[in-house]
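Peer 1: One file: structure_32.txt (compact mmCIF, C-alpha atoms and all ligand atoms).
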# COMPACT_ATOMS: atom_id res chain seq x y z
CA MET A 127 -58.88 170.35 -12.93
CA SER A 128 -62.57 170.96 -13.47
CA ASN A 129 -65.21 169.44 -11.21
CA ALA A 130 -66.55 167.53 -14.20
CA THR A 131 -63.15 165.92 -14.91
CA LEU A 132 -62.83 164.76 -11.32
CA ASP A 133 -66.45 163.57 -11.16
CA ARG A 134 -65.97 161.57 -14.36
CA ALA A 135 -62.74 159.93 -13.14
CA VAL A 136 -64.32 158.91 -9.83
CA LYS A 137 -67.45 157.56 -11.46
CA GLU A 138 -65.61 155.61 -14.14
CA ILE A 139 -63.22 154.03 -11.65
CA ALA A 140 -66.10 153.06 -9.33
CA ASP A 141 -68.04 151.58 -12.26
CA GLU A 142 -65.01 149.53 -13.23
CA MET A 143 -64.41 148.33 -9.66
CA MET A 144 -68.04 147.37 -9.14
CA LYS A 145 -67.73 144.92 -12.03
CA ARG A 146 -64.53 143.23 -10.83
CA THR A 147 -64.69 139.74 -9.39
CA ASP A 148 -61.16 139.56 -7.86
CA ARG A 149 -62.32 141.25 -4.69
CA GLY A 150 -60.19 139.56 -1.97
CA GLU A 151 -61.54 138.15 1.30
CA VAL A 152 -63.55 139.95 3.96
CA ALA A 153 -61.78 139.92 7.37
CA SER A 154 -63.20 137.16 9.51
CA TYR A 155 -60.98 137.23 12.60
CA ILE A 156 -63.33 139.90 13.98
CA PRO A 157 -66.59 137.91 13.61
CA GLU A 158 -68.80 140.97 13.18
CA LEU A 159 -66.77 142.13 10.15
CA ALA A 160 -67.29 138.81 8.37
CA ARG A 161 -70.94 139.78 7.78
CA ILE A 162 -70.12 142.68 5.44
CA ASP A 163 -71.05 142.29 1.77
CA VAL A 164 -67.84 141.86 -0.23
CA ASN A 165 -69.48 143.61 -3.21
CA SER A 166 -69.74 146.98 -1.44
CA PHE A 167 -67.64 149.72 -3.03
CA GLY A 168 -67.38 153.44 -2.35
CA LEU A 169 -65.02 156.18 -3.52
CA VAL A 170 -64.93 159.85 -2.52
CA VAL A 171 -62.42 162.57 -3.42
CA VAL A 172 -62.54 166.02 -1.81
CA ASP A 173 -60.36 168.58 -3.60
CA THR A 174 -58.83 171.85 -2.38
CA ASN A 175 -61.94 173.85 -3.25
CA GLY A 176 -64.13 171.52 -1.24
CA HIS A 177 -65.64 169.89 -4.29
CA VAL A 178 -66.78 166.36 -3.37
CA ALA A 179 -66.67 163.74 -6.11
CA ALA A 180 -68.49 160.61 -4.89
CA ALA A 181 -69.47 157.28 -6.40
CA GLY A 182 -70.81 153.90 -5.31
CA ASP A 183 -71.55 153.31 -1.60
CA ALA A 184 -70.11 156.70 -0.69
CA ASP A 185 -72.48 157.26 2.22
CA THR A 186 -72.56 153.80 3.77
CA PRO A 187 -70.77 153.75 7.14
CA PHE A 188 -68.14 151.01 7.50
CA SER A 189 -65.75 150.03 10.28
CA ILE A 190 -62.71 152.31 9.91
CA GLN A 191 -60.55 149.98 12.04
CA SER A 192 -56.87 150.92 11.69
CA ILE A 193 -57.61 154.14 9.81
CA SER A 194 -58.54 155.48 13.26
CA LYS A 195 -54.82 155.22 14.09
CA VAL A 196 -54.09 158.29 11.94
CA PHE A 197 -56.39 160.35 14.14
CA THR A 198 -55.25 158.91 17.47
CA LEU A 199 -51.66 159.62 16.40
CA THR A 200 -52.65 163.22 15.61
CA LEU A 201 -54.29 163.58 19.04
CA ALA A 202 -51.37 161.98 20.89
CA LEU A 203 -48.85 164.28 19.20
CA GLY A 204 -51.07 167.21 20.13
CA MET A 205 -51.11 166.09 23.77
CA ILE A 206 -47.53 165.04 24.43
CA GLY A 207 -45.62 166.08 21.30
CA ASP A 208 -42.30 164.42 20.54
CA ARG A 209 -42.29 162.57 23.87
CA LEU A 210 -44.52 160.07 22.09
CA TRP A 211 -41.45 158.83 20.22
CA GLU A 212 -39.96 157.53 23.46
CA ARG A 213 -42.65 154.80 23.42
CA VAL A 214 -43.06 154.06 19.73
CA GLY A 215 -40.77 154.13 16.68
CA ARG A 216 -41.20 155.54 13.19
CA GLU A 217 -39.80 152.78 11.02
CA PRO A 218 -41.69 150.46 8.69
CA SER A 219 -42.11 147.07 10.33
CA GLY A 220 -42.02 144.72 7.35
CA SER A 221 -44.22 142.51 9.53
CA PRO A 222 -47.93 141.75 9.74
CA PHE A 223 -50.06 144.30 11.62
CA ASN A 224 -50.50 142.03 14.63
CA SER A 225 -46.98 140.58 14.79
CA ILE A 226 -45.59 139.69 18.22
CA VAL A 227 -42.07 138.55 17.28
CA GLN A 228 -40.61 141.98 16.57
CA LEU A 229 -41.89 143.37 19.85
CA GLU A 230 -39.83 140.90 21.84
CA ARG A 231 -36.67 141.62 19.89
CA GLU A 232 -37.13 145.36 20.38
CA ARG A 233 -37.86 145.22 24.09
CA GLY A 234 -41.50 146.21 24.00
CA ILE A 235 -41.11 149.34 21.85
CA PRO A 236 -43.33 148.97 18.76
CA ARG A 237 -41.83 149.85 15.39
CA ASN A 238 -44.41 152.47 14.41
CA PRO A 239 -47.77 153.93 15.47
CA PHE A 240 -49.76 152.07 12.81
CA ILE A 241 -49.07 148.43 13.61
CA ASN A 242 -51.40 147.20 16.37
CA ALA A 243 -48.78 147.31 19.14
CA GLY A 244 -47.82 150.88 18.21
CA ALA A 245 -51.42 152.02 18.03
CA ILE A 246 -52.15 150.47 21.42
CA ALA A 247 -49.17 152.40 22.86
CA VAL A 248 -50.53 155.61 21.28
CA THR A 249 -53.99 154.94 22.74
CA ASP A 250 -52.38 154.43 26.14
CA ALA A 251 -50.67 157.83 25.81
CA ILE A 252 -53.98 159.58 25.03
CA LEU A 253 -55.72 157.79 27.88
CA SER A 254 -53.30 158.87 30.60
CA GLY A 255 -54.99 161.08 33.17
CA HIS A 256 -58.47 160.40 31.76
CA GLN A 257 -61.28 157.90 32.07
CA PRO A 258 -61.69 155.54 29.06
CA LYS A 259 -65.12 157.05 28.29
CA GLU A 260 -63.72 160.61 28.19
CA THR A 261 -60.90 159.55 25.88
CA LEU A 262 -63.28 157.79 23.53
CA GLY A 263 -65.54 160.81 23.53
CA GLU A 264 -62.57 162.99 22.63
CA ILE A 265 -61.54 160.75 19.71
CA LEU A 266 -65.12 160.64 18.41
CA ARG A 267 -65.61 164.40 18.75
CA PHE A 268 -62.32 165.01 16.92
CA LEU A 269 -63.56 162.96 13.96
CA GLN A 270 -66.98 164.64 14.05
CA PHE A 271 -65.30 168.04 14.10
CA LEU A 272 -62.90 167.21 11.26
CA SER A 273 -65.64 165.91 9.00
CA GLY A 274 -68.24 168.48 10.10
CA ASP A 275 -70.65 165.65 10.83
CA SER A 276 -71.90 164.96 14.34
CA SER A 277 -73.68 161.74 13.29
CA ILE A 278 -70.47 159.65 13.39
CA THR A 279 -70.69 156.92 16.06
CA ILE A 280 -69.02 153.80 17.37
CA ASP A 281 -70.43 150.46 16.23
CA ASP A 282 -70.74 148.76 19.61
CA ALA A 283 -71.37 145.34 18.08
CA VAL A 284 -68.00 145.50 16.27
CA ALA A 285 -66.23 146.71 19.41
CA ALA A 286 -67.77 143.89 21.49
CA SER A 287 -66.93 141.35 18.81
CA GLU A 288 -63.27 142.36 18.83
CA GLN A 289 -63.15 142.60 22.60
CA ARG A 290 -64.35 138.98 22.82
CA THR A 291 -61.80 137.70 20.30
CA GLY A 292 -58.86 140.12 20.52
CA PHE A 293 -56.47 137.72 22.24
CA ARG A 294 -53.51 138.75 20.15
CA ASN A 295 -53.98 142.42 20.92
CA ALA A 296 -54.28 141.47 24.59
CA ALA A 297 -50.97 139.61 24.26
CA LEU A 298 -49.30 142.62 22.65
CA ALA A 299 -50.66 144.97 25.30
CA ASN A 300 -49.65 142.74 28.22
CA TYR A 301 -46.21 142.32 26.73
CA MET A 302 -45.71 146.07 26.42
CA LYS A 303 -47.04 146.52 29.93
CA SER A 304 -44.32 144.20 31.23
CA PHE A 305 -41.75 146.63 29.81
CA GLY A 306 -43.54 149.67 31.27
CA VAL A 307 -44.43 150.99 27.81
CA LEU A 308 -48.11 151.08 28.79
CA THR A 309 -48.93 153.12 31.86
CA ASN A 310 -52.69 152.51 32.25
CA PRO A 311 -54.48 149.28 33.23
CA VAL A 312 -54.27 147.01 30.15
CA ASP A 313 -58.06 146.51 30.09
CA PHE A 314 -58.67 150.26 29.95
CA THR A 315 -56.20 150.81 27.11
CA LEU A 316 -57.50 147.86 25.11
CA GLY A 317 -61.11 148.92 25.68
CA VAL A 318 -60.42 152.34 24.19
CA TYR A 319 -58.38 150.81 21.35
CA PHE A 320 -61.13 148.33 20.36
CA HIS A 321 -63.76 151.04 20.47
CA HIS A 322 -61.86 153.59 18.37
CA CYS A 323 -61.19 150.86 15.80
CA ALA A 324 -64.96 150.25 15.76
CA ILE A 325 -65.85 153.81 14.75
CA ALA A 326 -68.08 153.65 11.69
CA MET A 327 -67.70 156.25 8.95
CA SER A 328 -68.64 156.60 5.31
CA CYS A 329 -66.14 157.39 2.56
CA ARG A 330 -67.58 160.91 2.43
CA GLN A 331 -67.05 161.48 6.17
CA LEU A 332 -63.57 160.00 6.06
CA ALA A 333 -62.40 162.00 3.04
CA LEU A 334 -63.67 165.18 4.71
CA ALA A 335 -61.89 164.26 7.96
CA GLY A 336 -58.58 163.78 6.13
CA ARG A 337 -58.54 167.18 4.48
CA PHE A 338 -56.18 168.79 6.97
CA LEU A 339 -53.47 166.30 5.98
CA ALA A 340 -53.77 167.27 2.30
CA HIS A 341 -53.51 170.98 3.04
CA SER A 342 -50.58 171.51 5.40
CA GLY A 343 -52.60 170.97 8.56
CA ARG A 344 -55.48 173.29 7.63
CA ASN A 345 -59.05 172.65 6.54
CA PRO A 346 -59.07 174.80 3.39
CA SER A 347 -62.84 175.36 3.55
CA THR A 348 -63.01 176.67 7.11
CA GLY A 349 -59.43 177.99 7.35
CA PHE A 350 -59.09 176.16 10.69
CA LEU A 351 -55.54 175.04 11.51
CA VAL A 352 -55.79 171.50 12.94
CA VAL A 353 -52.04 170.90 13.23
CA GLN A 354 -48.92 172.81 12.21
CA PRO A 355 -47.76 172.20 8.60
CA GLU A 356 -44.68 170.36 9.83
CA ARG A 357 -46.82 167.90 11.80
CA ALA A 358 -49.13 167.22 8.85
CA ARG A 359 -46.08 166.56 6.66
CA ARG A 360 -44.68 164.11 9.21
CA ILE A 361 -47.96 162.23 9.65
CA ASN A 362 -48.14 161.89 5.86
CA ALA A 363 -44.59 160.53 5.88
CA ILE A 364 -45.53 157.85 8.40
CA MET A 365 -48.63 156.98 6.37
CA MET A 366 -46.44 156.61 3.31
CA THR A 367 -43.88 154.34 4.96
CA CYS A 368 -46.03 152.41 7.45
CA GLY A 369 -49.71 152.86 6.50
CA HIS A 370 -50.11 149.47 4.82
CA TYR A 371 -47.96 147.26 7.10
CA ASP A 372 -45.82 144.91 5.04
CA GLY A 373 -47.71 146.07 1.95
CA SER A 374 -46.46 149.65 2.38
CA GLY A 375 -43.71 149.34 -0.24
CA GLU A 376 -46.13 147.93 -2.78
CA PHE A 377 -48.68 150.67 -2.06
CA ALA A 378 -46.00 153.35 -2.56
CA TYR A 379 -44.88 151.65 -5.77
CA ARG A 380 -48.36 151.37 -7.23
CA VAL A 381 -50.23 154.37 -5.82
CA GLY A 382 -47.51 156.77 -4.67
CA LEU A 383 -49.61 158.52 -2.03
CA PRO A 384 -49.57 158.49 1.78
CA GLY A 385 -52.34 156.11 2.80
CA LYS A 386 -53.74 154.24 5.76
CA SER A 387 -55.72 151.05 5.47
CA GLY A 388 -58.04 149.25 7.87
CA VAL A 389 -59.27 145.66 7.96
CA GLY A 390 -62.80 146.98 7.42
CA GLY A 391 -61.64 147.51 3.82
CA GLY A 392 -61.24 151.27 3.93
CA ILE A 393 -58.23 153.32 2.85
CA LEU A 394 -57.65 157.01 3.49
CA ALA A 395 -55.18 158.41 0.94
CA ILE A 396 -53.73 161.90 0.79
CA ALA A 397 -52.68 163.74 -2.36
CA PRO A 398 -50.72 166.61 -0.74
CA GLY A 399 -51.92 170.02 -1.90
CA LYS A 400 -54.61 168.40 -4.00
CA ALA A 401 -57.12 166.13 -2.33
CA SER A 402 -58.20 163.81 0.44
CA ILE A 403 -59.48 160.47 -0.82
CA ALA A 404 -61.42 157.66 0.85
CA VAL A 405 -62.16 154.33 -0.72
CA TRP A 406 -63.96 151.29 0.67
CA SER A 407 -64.07 147.74 -0.61
CA PRO A 408 -64.20 145.12 2.19
CA GLY A 409 -62.31 142.33 0.41
CA LEU A 410 -58.71 142.22 1.65
CA ASP A 411 -55.40 141.00 0.22
CA ALA A 412 -52.97 138.76 2.11
CA ASN A 413 -51.57 141.74 4.04
CA GLY A 414 -55.00 142.79 5.29
CA ASN A 415 -55.29 145.77 2.94
CA SER A 416 -58.28 146.41 0.67
CA GLU A 417 -57.67 144.67 -2.65
CA LEU A 418 -59.86 146.87 -4.84
CA GLY A 419 -59.29 149.95 -2.70
CA ARG A 420 -55.64 149.86 -3.69
CA ALA A 421 -56.50 149.04 -7.30
CA ALA A 422 -58.90 152.02 -7.48
CA LEU A 423 -56.32 154.38 -5.96
CA GLU A 424 -53.68 153.14 -8.37
CA ILE A 425 -55.87 154.00 -11.37
CA LEU A 426 -56.96 157.34 -9.87
CA SER A 427 -53.47 158.49 -9.01
CA LYS A 428 -52.14 157.50 -12.44
CA ARG A 429 -55.04 159.08 -14.32
CA LEU A 430 -54.78 162.39 -12.45
CA GLY A 431 -50.97 162.40 -12.16
CA TRP A 432 -51.17 162.60 -8.36
CA SER A 433 -48.34 160.28 -7.29
CA ILE A 434 -45.93 162.25 -5.09
CA PHE A 435 -43.10 160.55 -7.00
CA GLY A 436 -44.03 162.17 -10.33
CA ALA A 437 -46.48 161.52 -13.12
N1 LIG A 501 -58.93 146.44 15.28
C1 LIG A 501 -58.08 145.72 14.38
C2 LIG A 501 -57.09 144.87 15.16
O1 LIG A 501 -56.63 145.33 16.15
C3 LIG A 501 -57.34 146.70 13.51
C4 LIG A 501 -56.44 146.03 12.51
C5 LIG A 501 -56.41 146.68 11.17
O2 LIG A 501 -57.32 147.40 10.77
N2 LIG A 501 -55.38 146.36 10.40
O3 LIG A 501 -56.79 143.77 14.82
What would the structure in this file look like if it were written as structure tokens?
Peer 2:
Amino acid sequence: MSNATLDRAVKEIADEMMKRTDRGEVASYIPELARIDVNSFGLVVVDTNGHVAAAGDADTPFSIQSISKVFTLTLALGMIGDRLWERVGREPSGSPFNSIVQLERERGIPRNPFINAGAIAVTDAILSGHQPKETLGEILRFLQFLSGDSSITIDDAVAASEQRTGFRNAALANYMKSFGVLTNPVDFTLGVYFHHCAIAMSCRQLALAGRFLAHSGRNPSTGFLVVQPERARRINAIMMTCGHYDGSGEFAYRVGLPGKSGVGGGILAIAPGKASIAVWSPGLDANGNSELGRAALEILSKRLGWSIFGA
């Protein structure tokens, strides 16, 4: 596909999305996120050759929230490998991202690394043997390295806002601690979790950071192998089955790409062998996934024939 074809697709989809009025609701349970303009919209696609097609608010940093869980999972697997799966499962939950019910039934072992409980268990695994500050620094540096952009930072106001109001996450963490699934002090693990969710990135930075997942673990521009091909394939599989909570089936049905959403309204989607895509529209649907983000990806994947399930 020529650069011009990709540029045109991205621009036309962004133009269409910017006009839409059915934008969903901005997350308000984290007070600081409620201030974001629901009319923001950004879309960036980075293809195999490193061509960047960008439109709308492509360079405005937003709160990546649960998209950070893709990168903490990658780090945790790098640190402890398959032992991670003793603490967290790999099955879709069919439940909201902050559900407590399932955790009790399954004796403190979260269903997958992308629901909040699972991501908190993953954060706990990365934290072991380190100070919270070191761990946060490592997560941040990993994202800066992947996107080739050292300006990425944590939005401390968002982290503080969630820390003040994150009672449900505290409940999940304490519950897991009672089963011995968490090994660090709950406050330390939660502190790191809230702060990595509060990392702010633009669509451009996020799409660049996701490139290794689209290219069998390697950044095709630098040749650097971030993870083995098998690991990239497996992370994509978990994104496909669990990346949108109880909206994961619908996302697979409509978009057909591995993807991970965040309540900041971002989605990172991977077209294996083709492209890394980031979209941002802060209005959410009932499952907490970006309403127009999904709509934009649905049109893009159809138009370019990128669904992994066939054209
Ligand atoms: N930090 C948010 C929370 O824990 C992340 C949720 C999300 O993005 N779905 O509630």
Peer 1: If the limit is 9 Å from any atom of ligand LIG 501 (chain A), counting only C-alpha atoms and all ligand atoms, which residues qualify? Return them as a PyMOL selection string.
Peer 2: chain A and resi 155-156+189-195+222-224+240-243+245-246+285+288+292+294-295+319-324+370-371+387-392+413-415
Peer 1: Go ahead and save the picked residues with C-alpha atoms, as an mmCIF file, in the coordinates of the input.
Peer 2:
data_model
loop_
_atom_site.group_PDB
_atom_site.id
_atom_site.type_symbol
_atom_site.label_atom_id
_atom_site.label_comp_id
_atom_site.auth_asym_id
_atom_site.auth_seq_id
_atom_site.Cartn_x
_atom_site.Cartn_y
_atom_site.Cartn_z
ATOM 1 C CA TYR A 155 -60.980 137.230 12.600
ATOM 2 C CA ILE A 156 -63.330 139.900 13.980
ATOM 3 C CA SER A 189 -65.750 150.030 10.280
ATOM 4 C CA ILE A 190 -62.710 152.310 9.910
ATOM 5 C CA GLN A 191 -60.550 149.980 12.040
ATOM 6 C CA SER A 192 -56.870 150.920 11.690
ATOM 7 C CA ILE A 193 -57.610 154.140 9.810
ATOM 8 C CA SER A 194 -58.540 155.480 13.260
ATOM 9 C CA LYS A 195 -54.820 155.220 14.090
ATOM 10 C CA PRO A 222 -47.930 141.750 9.740
ATOM 11 C CA PHE A 223 -50.060 144.300 11.620
ATOM 12 C CA ASN A 224 -50.500 142.030 14.630
ATOM 13 C CA PHE A 240 -49.760 152.070 12.810
ATOM 14 C CA ILE A 241 -49.070 148.430 13.610
ATOM 15 C CA ASN A 242 -51.400 147.200 16.370
ATOM 16 C CA ALA A 243 -48.780 147.310 19.140
ATOM 17 C CA ALA A 245 -51.420 152.020 18.030
ATOM 18 C CA ILE A 246 -52.150 150.470 21.420
ATOM 19 C CA ALA A 285 -66.230 146.710 19.410
ATOM 20 C CA GLU A 288 -63.270 142.360 18.830
ATOM 21 C CA GLY A 292 -58.860 140.120 20.520
ATOM 22 C CA ARG A 294 -53.510 138.750 20.150
ATOM 23 C CA ASN A 295 -53.980 142.420 20.920
ATOM 24 C CA TYR A 319 -58.380 150.810 21.350
ATOM 25 C CA PHE A 320 -61.130 148.330 20.360
ATOM 26 C CA HIS A 321 -63.760 151.040 20.470
ATOM 27 C CA HIS A 322 -61.860 153.590 18.370
ATOM 28 C CA CYS A 323 -61.190 150.860 15.800
ATOM 29 C CA ALA A 324 -64.960 150.250 15.760
ATOM 30 C CA HIS A 370 -50.110 149.470 4.820
ATOM 31 C CA TYR A 371 -47.960 147.260 7.100
ATOM 32 C CA SER A 387 -55.720 151.050 5.470
ATOM 33 C CA GLY A 388 -58.040 149.250 7.870
ATOM 34 C CA VAL A 389 -59.270 145.660 7.960
ATOM 35 C CA GLY A 390 -62.800 146.980 7.420
ATOM 36 C CA GLY A 391 -61.640 147.510 3.820
ATOM 37 C CA GLY A 392 -61.240 151.270 3.930
ATOM 38 C CA ASN A 413 -51.570 141.740 4.040
ATOM 39 C CA GLY A 414 -55.000 142.790 5.290
ATOM 40 C CA ASN A 415 -55.290 145.770 2.940
#
Peer 1: Have a look at A:Phe338, A:Trp432, A:Tyr301, A:Phe350 and name the one nearest to Gly234 (chain A); count all atoms listed in the file.
Peer 2: A:Tyr301
Peer 1: Suppose you want the space between CA of Ile252 (chain A) and CA of Leu308 (chain A); what is it in Å?
Peer 2: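 Pair CA of Ile252 (chain A) / CA of Leu308 (chain A) returns 11.0 Å.
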Peer 1: Thr198 (chain A): which residues within 7 Å, counting all atoms listed in the file, same-chain residues fewer than 2 positions away excluded, as a ChimeraX atom specification?
Peer 2: /A:194-196,200-202,248-249,265
Peer 1: Which centre and which edge lengths, in Å to one decimal, describe the axis-aligned box that holds all listed atoms of region 363-375 of chain A after 4 Å is added on each side, as lines of an AutoDock Vina configuration file?
Peer 2:
center_x = -46.9
center_y = 152.7
center_z = 4.1
size_x = 14.4
size_y = 23.6
size_z = 16.6
